[in-house]
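J.: Please find one structure pasted underneath; my questions will follow.
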Amino acid sequence: MIDVVIVGTGFAGIGMAIALRRAGMHSFIVLERADDVGGTWRDNRYPGCACDIPSMLYSFSFETKTDWTRAFPPQSEIWDYLRTCVAKYGVAPHIRFKSEVTEARYDERLRAWNVTLRSGETIVARVLVSGMGGLSNPMIPDIPGLQTFAGSVFHSAAWHESFDPAGKRIAVIGTGASAIQIVPAIAPVAAHLTLFQRTPPWIIPRFDRPTTVRERLLRRFVPGYAWLVRQSMYWLREFRALGFIGNTKILALAQRIALRHLHAQVQSADLRARLTPAYHMGCKRILLSDDYYPALCRDNVMLVTKPIREVRARTIVTHDGAEHEVDAIVLATGFRAQEFISPVQVYGRHSKSLEETWADGPRSYLGISASGFPNLFFLVGPNTGLGHNSMVIMIEAQIAYVMSALRTMRSRGITELDLKPEAESAFTEAIARRTEHTVWASGCKSWYLDEHGRNTTLWPGFTFTYRRLTRRLKPSRYDAVGRRS
């Protein structure tokens, strides 16, 4: 039996593994279904892929990267950074690739988790840490006839590397964070690009640019400079949380900026009208782009706002009967963000499944623990997503909490740590109360909310508040078994 099994090698899984190594804990393995590390930043390799968080905020606090080439980090550099962290901190020997977890079942007699792989192998561990996140399982739309299309069809998170968009008629379905990067990247070489939009997003300027040699030298060689840059960016973005959680003046200002951005880049009144959202800014994810609107103004790009009725062998048919001939379909349709640990089947006490327990929506404490599932910790779990700042900050806070739990278990001889139901209920109710007066509850439909309209994805507050709450384990919130007498 080993001490810890970690599932996933994105920022969460790698960060957790590094924390264990730095604490001198070596009895752990990291299970990864793919053949390389990186999670989201390994899978998403579409043209134009980058992060919408400033580069200086998108690395671990203990391993700040200073040589980013752009103000916003490209996918390739983030992926390289994660691989560098794995090598530098000695995590590689702990990783098992092509090891997809299909089931995790808690053994109440052993007080341990039986983690089953697709190969049939079972690994027994005292503690299970999920680092899978909500952006690991693509959302494939249920469009009649999609399977009958004769050309290339793929999701943005599974981009065909052999696919050459040059000279092709391409359909992009979706207008979310991936689409607004893909469209400007491939429109200049495509013969024609048809973008199918269901709901227009609010878009503000990105102000992306290459970093200068001077900036990189200052960050690398001047003591404290990189820290100051990071801190200033952090607090600037933290201020934006006020807009989401109730200060309507901040979002109103941002909305005016977005409208000016739209009017400055789109001259056609008809196109502007179709690109203007009809919901409160912030209700859905706010996007950043400098080149999306100009791409839609190209002669070889068409914006279609009629709903799709079906897909045929060579065409996409909308509800008005129009047929759009295309050679390839790109599904920029996002992820199953509400399925935090799917498709892994997890069974806790009394063999009750997590899927059954969460049938009416995920419930947790701090997005990290769930009652009835002892010794299981989530990273990037329910209600830990952000709309304003870097997820790496939240991930590090969660890792700190898990490390506190492991140290408490070791020092007190605890073999089983199970969240009390009342702690879970209190946290879930607090999240619901805090969400009531936020922009996310203003009436639009988004992936932030579950099918019941409940916020199960976002943290409705500041990251510094979350970091304070997760600084150390509160044993009183848990039922502990196995204390030393």
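Letters for chains follow the order of the structure tokens (A, B, ...), residue numbers begin at 1 for each chain, and ligand numbers begin at 1 in the order shown.
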Enumerate, as an mmCIF file with C-alpha atoms, in the first residue's frame, the complete set of residues in region 231-295 of chain A that a backbone-based DSSP assignment places in alpha helix (DSSP H).
T.:
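The result, stored in states-v1.cif:
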data_model
loop_
_atom_site.group_PDB
_atom_site.id
_atom_site.type_symbol
_atom_site.label_atom_id
_atom_site.label_comp_id
_atom_site.auth_asym_id
_atom_site.auth_seq_id
_atom_site.Cartn_x
_atom_site.Cartn_y
_atom_site.Cartn_z
ATOM 1 C CA GLN A 231 1.963 41.208 -7.136
ATOM 2 C CA SER A 232 0.792 44.278 -9.053
ATOM 3 C CA MET A 233 -0.897 42.088 -11.658
ATOM 4 C CA TYR A 234 -2.461 39.951 -8.948
ATOM 5 C CA TRP A 235 -4.035 42.853 -7.057
ATOM 6 C CA LEU A 236 -5.223 44.543 -10.259
ATOM 7 C CA ARG A 237 -7.098 41.398 -11.245
ATOM 8 C CA GLU A 238 -8.275 40.776 -7.693
ATOM 9 C CA PHE A 239 -9.950 44.180 -7.766
ATOM 10 C CA ALA A 241 -13.760 40.412 -8.401
ATOM 11 C CA LEU A 242 -15.748 43.294 -6.934
ATOM 12 C CA GLY A 243 -17.630 43.567 -10.213
ATOM 13 C CA PHE A 244 -18.666 39.928 -10.190
ATOM 14 C CA THR A 248 -22.304 46.877 -10.731
ATOM 15 C CA LYS A 249 -20.351 50.076 -11.487
ATOM 16 C CA ILE A 250 -17.182 48.112 -12.220
ATOM 17 C CA LEU A 251 -18.931 45.798 -14.669
ATOM 18 C CA ALA A 252 -20.770 48.730 -16.232
ATOM 19 C CA LEU A 253 -17.405 50.358 -16.932
ATOM 20 C CA ALA A 254 -16.057 47.114 -18.377
ATOM 21 C CA GLN A 255 -19.170 46.775 -20.524
ATOM 22 C CA ARG A 256 -18.623 50.261 -21.964
ATOM 23 C CA ILE A 257 -15.031 49.312 -22.762
ATOM 24 C CA ALA A 258 -16.243 46.158 -24.506
ATOM 25 C CA LEU A 259 -18.805 48.071 -26.572
ATOM 26 C CA ARG A 260 -16.196 50.649 -27.605
ATOM 27 C CA HIS A 261 -13.907 47.773 -28.574
ATOM 28 C CA LEU A 262 -16.659 46.255 -30.720
ATOM 29 C CA HIS A 263 -17.547 49.573 -32.400
ATOM 30 C CA ALA A 264 -13.903 50.402 -33.095
ATOM 31 C CA GLN A 265 -13.216 47.099 -34.810
ATOM 32 C CA ALA A 269 -23.952 47.907 -38.101
ATOM 33 C CA ASP A 270 -25.606 44.574 -38.936
ATOM 34 C CA LEU A 271 -22.570 42.564 -37.848
ATOM 35 C CA ARG A 272 -22.192 44.659 -34.692
ATOM 36 C CA ALA A 273 -25.801 43.974 -33.775
ATOM 37 C CA ARG A 274 -25.301 40.240 -34.096
ATOM 38 C CA LEU A 275 -22.121 40.434 -32.011
ATOM 39 C CA TYR A 292 -11.298 38.219 -33.165
ATOM 40 C CA TYR A 293 -13.542 41.030 -34.427
ATOM 41 C CA PRO A 294 -11.184 41.942 -37.308
ATOM 42 C CA ALA A 295 -11.186 38.277 -38.354
#
J.: Write down as a ChimeraX atom specification the residues of region 233-477 of chain A whose backbone DSSP state falls under strand (DSSP E).
T.: /A:287-288,301-304,308-311,315-318,323-325,328-331,345-347,376-378,416-419
J.: Each residue of region 86-189 of chain A with at least one atom at most 9 Å from region 285-288 of chain A should appear once, together with its nearest atom pair and the corresponding distance in Å (one decimal); atoms considered: only C-alpha atoms; ordering: chain, then increasing residue number; output as JSON lines.
T.:
{"residue": "A:Gly176", "atom": "CA", "partner": "A:Leu287", "partner_atom": "CA", "distance": 7.7}
{"residue": "A:Ala177", "atom": "CA", "partner": "A:Leu287", "partner_atom": "CA", "distance": 6.3}
{"residue": "A:Ile180", "atom": "CA", "partner": "A:Leu287", "partner_atom": "CA", "distance": 8.2}
J.: Nearest residue to Tyr106 (chain A) out of A:Ser411, A:Ser404, A:Thr470, A:Ser351, using only C-alpha atoms?
T.: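 Of A:Ser411, A:Ser404, A:Thr470, A:Ser351, the one nearest Tyr106 (chain A), counting only C-alpha atoms, is A:Ser351.
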J.: Could you pull the residues within 9 Å of region 114-121 of chain A, counting only C-alpha atoms, minus those fewer than 5 positions along the same chain, as a VMD selection string?
T.: chain A and resid 5 99 to 107 126 128
J.: I'd like the contact shell of Asn44 (chain A) - 12 Å cut-off, only C-alpha atoms, skipping same-chain residues fewer than 5 positions apart - returned as a PyMOL selection string.
T.: chain A and resi 38-39+49-51+74-76+78-79+135-138+154-161+177-179+181-182+332+334-335
J.: Using only C-alpha atoms, which protein or nucleic acid residues come within 8 Å of Ile143 (chain A)? Drop anything in the same chain fewer than 2 positions from it, and give the result as an NGL selection string.
T.: :A and (141 or 145-146 or 308-311)
J.: Keeping N, CA and C atoms, export the residues of the selection given above as a compact mmCIF listing (two decimals), in the first residue's frame.
T.:
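Now in result_3.txt:
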# COMPACT_ATOMS: atom_id res chain seq x y z
N PRO A 141 -21.31 18.29 -29.02
CA PRO A 141 -22.73 18.63 -29.16
C PRO A 141 -23.52 17.51 -29.82
N GLY A 145 -26.85 13.94 -37.38
CA GLY A 145 -26.06 13.75 -38.58
C GLY A 145 -24.59 14.05 -38.46
N LEU A 146 -24.14 14.49 -37.28
CA LEU A 146 -22.73 14.85 -37.14
C LEU A 146 -21.80 13.68 -37.49
N ILE A 308 -28.30 25.42 -35.70
CA ILE A 308 -28.01 24.30 -36.59
C ILE A 308 -29.11 23.25 -36.45
N ARG A 309 -29.64 22.80 -37.60
CA ARG A 309 -30.67 21.77 -37.59
C ARG A 309 -30.06 20.38 -37.73
N GLU A 310 -29.09 20.25 -38.65
CA GLU A 310 -28.48 18.94 -38.88
C GLU A 310 -27.19 19.11 -39.67
N VAL A 311 -26.42 18.02 -39.67
CA VAL A 311 -25.21 17.96 -40.49
C VAL A 311 -25.41 16.86 -41.52
J.: For Phe373 (chain A), which residue out of A:Asp142, A:Glu108, A:Asp52, A:Asp164 is the nearest one, using only C-alpha atoms?
T.: A:Glu108
J.: So, counting only C-alpha atoms, which residue among A:His319, A:Lys65, A:Arg70, A:Arg298 is closest to Cys85 (chain A)?
T.: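 For Cys85 (chain A), the nearest of the candidates is A:Lys65.
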J.: List the spatial neighbours of region 464-467 of chain A as a ChimeraX atom specification - criterion: any atom at most 12 Å away, only C-alpha atoms, same-chain residues fewer than 2 positions off excluded.
T.: /A:234-235,237-239,241,365-368,383-386,389-401,458-462,469-473
J.: Okay, now the selection with N, CA and C atoms, as a CSV table (one decimal), in the first residue's frame?
T.:
chain,number,residue,atom,x,y,z
A,234,TYR,N,-1.5,40.7,-9.8
A,234,TYR,CA,-2.5,40.0,-8.9
A,234,TYR,C,-3.5,40.9,-8.4
A,235,TRP,N,-3.1,42.0,-7.7
A,235,TRP,CA,-4.0,42.9,-7.1
A,235,TRP,C,-4.9,43.6,-8.0
A,237,ARG,N,-6.1,42.4,-10.9
A,237,ARG,CA,-7.1,41.4,-11.2
A,237,ARG,C,-8.0,41.1,-10.1
A,238,GLU,N,-7.5,41.1,-8.9
A,238,GLU,CA,-8.3,40.8,-7.7
A,238,GLU,C,-9.3,41.9,-7.5
A,239,PHE,N,-9.0,43.1,-7.9
A,239,PHE,CA,-10.0,44.2,-7.8
A,239,PHE,C,-11.2,43.9,-8.6
A,241,ALA,N,-12.8,41.3,-9.0
A,241,ALA,CA,-13.8,40.4,-8.4
A,241,ALA,C,-14.9,41.2,-7.8
A,365,TYR,N,-16.8,20.7,0.8
A,365,TYR,CA,-16.3,21.7,1.7
A,365,TYR,C,-15.0,22.3,1.1
A,366,LEU,N,-15.1,23.6,0.8
A,366,LEU,CA,-14.0,24.3,0.2
A,366,LEU,C,-13.6,23.7,-1.2
A,367,GLY,N,-14.5,23.0,-1.8
A,367,GLY,CA,-14.3,22.3,-3.1
A,367,GLY,C,-13.2,21.3,-3.0
A,368,ILE,N,-12.9,20.8,-1.8
A,368,ILE,CA,-11.8,19.9,-1.6
A,368,ILE,C,-12.2,18.6,-1.0
A,383,ASN,N,-16.8,24.8,-7.1
A,383,ASN,CA,-16.8,26.2,-6.5
A,383,ASN,C,-15.4,26.7,-6.2
A,384,THR,N,-14.4,26.2,-7.0
A,384,THR,CA,-13.1,26.8,-6.9
A,384,THR,C,-12.6,27.4,-8.2
A,385,GLY,N,-13.5,27.5,-9.2
A,385,GLY,CA,-13.1,28.2,-10.5
A,385,GLY,C,-13.1,29.7,-10.3
A,386,LEU,N,-12.5,30.4,-11.2
A,386,LEU,CA,-12.4,31.8,-11.1
A,386,LEU,C,-12.9,32.5,-12.4
A,389,ASN,N,-9.2,35.9,-11.9
A,389,ASN,CA,-7.7,35.8,-11.6
A,389,ASN,C,-7.2,34.4,-12.0
A,390,SER,N,-5.9,34.1,-11.6
A,390,SER,CA,-5.2,32.9,-12.1
A,390,SER,C,-5.6,31.7,-11.2
A,391,MET,N,-6.0,30.6,-11.9
A,391,MET,CA,-6.4,29.4,-11.2
A,391,MET,C,-5.2,28.8,-10.5
A,392,VAL,N,-4.0,29.1,-10.9
A,392,VAL,CA,-2.8,28.6,-10.2
A,392,VAL,C,-2.8,29.0,-8.8
A,393,ILE,N,-3.3,30.2,-8.5
A,393,ILE,CA,-3.4,30.7,-7.1
A,393,ILE,C,-4.3,29.8,-6.3
A,394,MET,N,-5.4,29.4,-6.9
A,394,MET,CA,-6.4,28.6,-6.2
A,394,MET,C,-5.8,27.2,-6.0
A,395,ILE,N,-5.2,26.7,-7.0
A,395,ILE,CA,-4.6,25.3,-6.9
A,395,ILE,C,-3.5,25.3,-5.8
A,396,GLU,N,-2.7,26.3,-5.7
A,396,GLU,CA,-1.7,26.3,-4.6
A,396,GLU,C,-2.4,26.3,-3.3
A,397,ALA,N,-3.4,27.0,-3.1
A,397,ALA,CA,-4.2,27.1,-1.9
A,397,ALA,C,-4.7,25.7,-1.5
A,398,GLN,N,-5.3,25.0,-2.5
A,398,GLN,CA,-5.8,23.7,-2.3
A,398,GLN,C,-4.7,22.7,-1.9
A,399,ILE,N,-3.6,22.8,-2.6
A,399,ILE,CA,-2.5,21.9,-2.3
A,399,ILE,C,-2.0,22.1,-0.9
A,400,ALA,N,-2.0,23.4,-0.4
A,400,ALA,CA,-1.5,23.7,0.9
A,400,ALA,C,-2.5,23.0,1.9
A,401,TYR,N,-3.8,23.0,1.6
A,401,TYR,CA,-4.8,22.4,2.5
A,401,TYR,C,-4.6,20.9,2.6
A,458,LEU,N,-17.9,28.2,-9.7
A,458,LEU,CA,-17.1,29.4,-9.4
A,458,LEU,C,-17.0,29.7,-7.9
A,459,TRP,N,-15.9,30.3,-7.5
A,459,TRP,CA,-15.7,30.8,-6.1
A,459,TRP,C,-16.2,32.2,-6.1
A,460,PRO,N,-17.3,32.5,-5.4
A,460,PRO,CA,-17.9,33.8,-5.4
A,460,PRO,C,-17.2,34.8,-4.4
A,461,GLY,N,-16.0,35.1,-4.7
A,461,GLY,CA,-15.3,35.9,-3.8
A,461,GLY,C,-13.8,36.2,-4.2
A,462,PHE,N,-13.0,36.6,-3.3
A,462,PHE,CA,-11.6,36.9,-3.5
A,462,PHE,C,-10.7,35.7,-3.3
A,469,LEU,N,-8.9,30.7,4.1
A,469,LEU,CA,-9.7,29.5,4.6
A,469,LEU,C,-9.0,28.2,4.4
A,470,THR,N,-8.1,28.1,3.5
A,470,THR,CA,-7.4,26.8,3.2
A,470,THR,C,-6.0,26.8,3.7
A,471,ARG,N,-5.7,27.7,4.6
A,471,ARG,CA,-4.3,27.8,5.1
A,471,ARG,C,-3.9,26.5,5.8
A,472,ARG,N,-4.9,26.0,6.6
A,472,ARG,CA,-4.6,24.7,7.3
A,472,ARG,C,-5.9,24.0,7.5
A,473,LEU,N,-5.8,22.7,7.7
A,473,LEU,CA,-6.9,21.8,8.0
A,473,LEU,C,-7.6,22.2,9.3
J.: Can you list, as a list in words, every protein, DNA or RNA residue that comes within 10 Å of Glu436 (chain A) when you count only C-alpha atoms, leaving out same-chain residues fewer than 2 positions away?
T.: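 In the requested format, the answer is Ile245, Gly246, Ile431, Ala432, Arg433, Arg434, Thr438, Val439, Trp440, Ala441, Ser442, Arg454, Asn455 and Pro460 of chain A.
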J.: Could you tell me which of A:Gly151, A:Gly8, A:Gly133, A:Gly348 comes closest to Lys98 (chain A) if we count only C-alpha atoms?
T.: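 That would be A:Gly8, the residue with the smallest distance to Lys98 (chain A).
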J.: What are the closest atom pairs, with distances in Å to one decimal, for each residue of region 296-323 of chain A lying within 7 Å of region 192-210 of chain A, using only C-alpha atoms, rows by chain and rising residue number, as CSV?
T.:
residue,atom,partner,partner_atom,distance
A:Asn300,CA,A:His192,CA,4.8
A:Val301,CA,A:Leu193,CA,4.8
A:Met302,CA,A:Thr194,CA,4.8
A:Leu303,CA,A:Leu195,CA,4.9
A:Val304,CA,A:Phe196,CA,4.9
A:Thr305,CA,A:Gln197,CA,5.0
A:Pro307,CA,A:Arg198,CA,6.8
